[in-house]
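Engineer: Sharing a structure here in structure tokens format.
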Amino acid sequence: MSRTQRFALLGGAVVVLLAVLLLTRGGDESTSPQTAATAARTAPASAPPTTIPSPTTTTSTERQKPKPKPDPGPILTADELTTIKTRVGRTIRFRARSRDGDEVHVHGYDRSVDAPAGKVVSVAFEATMPGIFEIELEHSGIAIGKLEVGE
């Protein structure tokens with residue numbers, strides 16, 4: 001191989017090297033050619049975009065969850081005097097059972113509920129005034145509970 005052929009081959013190699021450097025750099029002056037080539041080989045595949053639901057959006061699992069039911073409260077019977085304590089503004093909840101048909105009456109609030117024999121009935125209302133109130137089986141006159149409502 002002659003001297004001229006060697007220079008031509010060396011010149012061609014320099015041109016190819018410059019072309020490779022320019023293509024791998026992508027116009028970024030701060031990246032070295034070696035770093036750009038390494039980054040191109042090790043770049044992770046792009047992940048699909050992630051959609052973040054807005055705070056008002058509900059997912060299907062949220063719609064399927066039943067809302068927790070409030071505690072129905074204690075069962076009041078003629079066997080025991082039960083005290084219920086609460087505060088003004090809260091909901092009073094209790095259940096009552098009468099052996100014989102009767103009426104459950106909350107004095108002071110003047111709330112009454114029919115209680116068929118042996119059936120459990122539910123009572124719920126808002127505590128609007130403070131005080132101590134008797135809960136009784138009205139017709140038989142038996143006290144089954146005491147309601148204490150604080151400020």
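The way I read the labels, and the way they are meant: chains A, B, ... in the order of the structure tokens, residue 1 as the first residue of every chain, and ligand 1 as the first ligand shown, with later ones counted on from there.
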Mind checking DSSP for stretch 49-130 of chain A and telling me the strand (DSSP E) residues as a PyMOL selection string?

Structural biologist: chain A and resi 75-76+82-87+91-97+102-106+111-115+120-126

Engineer: Can you tell me, as a PDB file with N, CA and C atoms, in the first residue's frame, what residues are no more than 9 Å from stretch 67-73 of chain A when counting only C-alpha atoms, ignoring any on the same chain fewer than 3 positions away?

Structural biologist:
```pdb
ATOM      1  N   ILE A  84     -77.680   5.911  79.007  1.00  0.00           N
ATOM      2  CA  ILE A  84     -77.110   6.342  77.726  1.00  0.00           C
ATOM      3  C   ILE A  84     -76.617   7.771  77.926  1.00  0.00           C
ATOM      4  N   ILE A  92     -78.954  10.331  69.159  1.00  0.00           N
ATOM      5  CA  ILE A  92     -79.203   9.314  70.185  1.00  0.00           C
ATOM      6  C   ILE A  92     -79.754   8.098  69.456  1.00  0.00           C
ATOM      7  N   ARG A  93     -79.150   6.933  69.717  1.00  0.00           N
ATOM      8  CA  ARG A  93     -79.624   5.692  69.101  1.00  0.00           C
ATOM      9  C   ARG A  93     -79.696   4.617  70.171  1.00  0.00           C
ATOM     10  N   PHE A  94     -80.835   3.933  70.213  1.00  0.00           N
ATOM     11  CA  PHE A  94     -80.963   2.755  71.065  1.00  0.00           C
ATOM     12  C   PHE A  94     -82.064   1.880  70.499  1.00  0.00           C
ATOM     13  N   ARG A  95     -82.083   0.662  70.989  1.00  0.00           N
ATOM     14  CA  ARG A  95     -83.136  -0.286  70.621  1.00  0.00           C
ATOM     15  C   ARG A  95     -83.837  -0.695  71.903  1.00  0.00           C
ATOM     16  N   SER A 122     -86.181   0.126  66.931  1.00  0.00           N
ATOM     17  CA  SER A 122     -85.066   1.079  66.939  1.00  0.00           C
ATOM     18  C   SER A 122     -85.591   2.489  67.156  1.00  0.00           C
ATOM     19  N   VAL A 123     -84.841   3.273  67.932  1.00  0.00           N
ATOM     20  CA  VAL A 123     -85.186   4.666  68.204  1.00  0.00           C
ATOM     21  C   VAL A 123     -83.946   5.500  67.892  1.00  0.00           C
ATOM     22  N   ALA A 124     -84.129   6.592  67.143  1.00  0.00           N
ATOM     23  CA  ALA A 124     -83.019   7.495  66.821  1.00  0.00           C
ATOM     24  C   ALA A 124     -83.571   8.900  66.676  1.00  0.00           C
TER      25      ALA A 124
END
```

Engineer: Give me, as a list in words, all polymer residues having an atom no more than 9 Å from stretch 76-81 of chain A, counting only C-alpha atoms and skipping those fewer than 2 positions away in the same chain.

Structural biologist: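 Everything that qualifies: Pro74, Thr83, Phe94, Arg95, Ala96, Arg97, Ser98, Arg99, Ile135, Glu136, Leu137, Ile142, Ala143, Ile144, Gly145 and Lys146 of chain A.
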
Engineer: How about saving the chosen residues, N, CA and C atoms kept, as a PDB file, in the first residue's frame?

Structural biologist:
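Now in part15.pdb:
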```pdb
ATOM      1  N   PRO A  74     -77.526   0.382  72.363  1.00  0.00           N
ATOM      2  CA  PRO A  74     -77.842  -0.754  73.241  1.00  0.00           C
ATOM      3  C   PRO A  74     -79.315  -1.164  73.122  1.00  0.00           C
ATOM      4  N   THR A  83     -78.078   3.223  81.182  1.00  0.00           N
ATOM      5  CA  THR A  83     -77.827   4.660  81.069  1.00  0.00           C
ATOM      6  C   THR A  83     -77.143   4.940  79.736  1.00  0.00           C
ATOM      7  N   PHE A  94     -80.835   3.933  70.213  1.00  0.00           N
ATOM      8  CA  PHE A  94     -80.963   2.755  71.065  1.00  0.00           C
ATOM      9  C   PHE A  94     -82.064   1.880  70.499  1.00  0.00           C
ATOM     10  N   ARG A  95     -82.083   0.662  70.989  1.00  0.00           N
ATOM     11  CA  ARG A  95     -83.136  -0.286  70.621  1.00  0.00           C
ATOM     12  C   ARG A  95     -83.837  -0.695  71.903  1.00  0.00           C
ATOM     13  N   ALA A  96     -85.065  -1.154  71.773  1.00  0.00           N
ATOM     14  CA  ALA A  96     -85.811  -1.570  72.963  1.00  0.00           C
ATOM     15  C   ALA A  96     -86.651  -2.799  72.616  1.00  0.00           C
ATOM     16  N   ARG A  97     -86.881  -3.617  73.654  1.00  0.00           N
ATOM     17  CA  ARG A  97     -87.701  -4.825  73.474  1.00  0.00           C
ATOM     18  C   ARG A  97     -88.632  -4.924  74.680  1.00  0.00           C
ATOM     19  N   SER A  98     -89.880  -5.230  74.400  1.00  0.00           N
ATOM     20  CA  SER A  98     -90.885  -5.405  75.453  1.00  0.00           C
ATOM     21  C   SER A  98     -91.414  -6.828  75.370  1.00  0.00           C
ATOM     22  N   ARG A  99     -91.551  -7.495  76.528  1.00  0.00           N
ATOM     23  CA  ARG A  99     -92.118  -8.858  76.530  1.00  0.00           C
ATOM     24  C   ARG A  99     -93.556  -8.828  76.065  1.00  0.00           C
ATOM     25  N   ILE A 135     -86.399   6.869  80.236  1.00  0.00           N
ATOM     26  CA  ILE A 135     -86.923   6.091  79.112  1.00  0.00           C
ATOM     27  C   ILE A 135     -87.713   4.951  79.754  1.00  0.00           C
ATOM     28  N   GLU A 136     -88.983   4.832  79.389  1.00  0.00           N
ATOM     29  CA  GLU A 136     -89.793   3.806  80.043  1.00  0.00           C
ATOM     30  C   GLU A 136     -90.716   3.107  79.067  1.00  0.00           C
ATOM     31  N   LEU A 137     -91.171   1.924  79.522  1.00  0.00           N
ATOM     32  CA  LEU A 137     -92.261   1.245  78.841  1.00  0.00           C
ATOM     33  C   LEU A 137     -93.520   1.919  79.384  1.00  0.00           C
ATOM     34  N   ILE A 142     -92.659   0.832  83.533  1.00  0.00           N
ATOM     35  CA  ILE A 142     -91.343   0.296  83.923  1.00  0.00           C
ATOM     36  C   ILE A 142     -90.241   1.123  83.257  1.00  0.00           C
ATOM     37  N   ALA A 143     -89.323   1.663  84.078  1.00  0.00           N
ATOM     38  CA  ALA A 143     -88.165   2.393  83.561  1.00  0.00           C
ATOM     39  C   ALA A 143     -87.172   1.390  82.971  1.00  0.00           C
ATOM     40  N   ILE A 144     -86.768   1.632  81.721  1.00  0.00           N
ATOM     41  CA  ILE A 144     -85.800   0.730  81.073  1.00  0.00           C
ATOM     42  C   ILE A 144     -84.482   1.443  80.785  1.00  0.00           C
ATOM     43  N   GLY A 145     -84.483   2.779  80.908  1.00  0.00           N
ATOM     44  CA  GLY A 145     -83.252   3.507  80.622  1.00  0.00           C
ATOM     45  C   GLY A 145     -83.255   4.900  81.157  1.00  0.00           C
ATOM     46  N   LYS A 146     -82.050   5.480  81.193  1.00  0.00           N
ATOM     47  CA  LYS A 146     -81.869   6.868  81.609  1.00  0.00           C
ATOM     48  C   LYS A 146     -80.995   7.523  80.545  1.00  0.00           C
TER      49      LYS A 146
END
```

Engineer: Have a look at atom CA of A:Ser140 and atom CA of A:Asp114 and let me know their distance in Å, one decimal.

Structural biologist: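 According to the coordinates, atom CA of A:Ser140 and atom CA of A:Asp114 are separated by 13.0 Å.
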
Engineer: Using Å and a single decimal, report how far atom CA of A:Lys119 sits from atom CA of A:Thr86.

Structural biologist: 25.5 Å

Engineer: Pick from A:Val15, A:Ala117, A:Val88, A:Leu21: nearest to A:Val149, with only C-alpha atoms counted?

Structural biologist: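 Among the listed residues, A:Val88 lies closest to A:Val149.
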
Engineer: Using only C-alpha atoms, which residue out of A:Lys85, A:Arg90, A:Arg25, A:Arg6 lies closest to A:Phe133?

Structural biologist: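 Closest to A:Phe133, using only C-alpha atoms: A:Lys85.
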
Engineer: Just give me the gap between atom CA of A:Ser112 and atom CA of A:Glu138 in Å, one decimal is fine.

Structural biologist: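 Atom-to-atom, atom CA of A:Ser112 and atom CA of A:Glu138 are spaced 8.7 Å apart.
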
Engineer: Write out as a list of chain:residue names all residues of stretch 56-129 of chain A that backbone DSSP assigns to alpha helix (DSSP H).

Structural biologist: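 In stretch 56-129 of chain A, DSSP puts these residues in alpha helix (DSSP H): A:Ser60, A:Thr61, A:Glu62, A:Arg63, A:Gln64.
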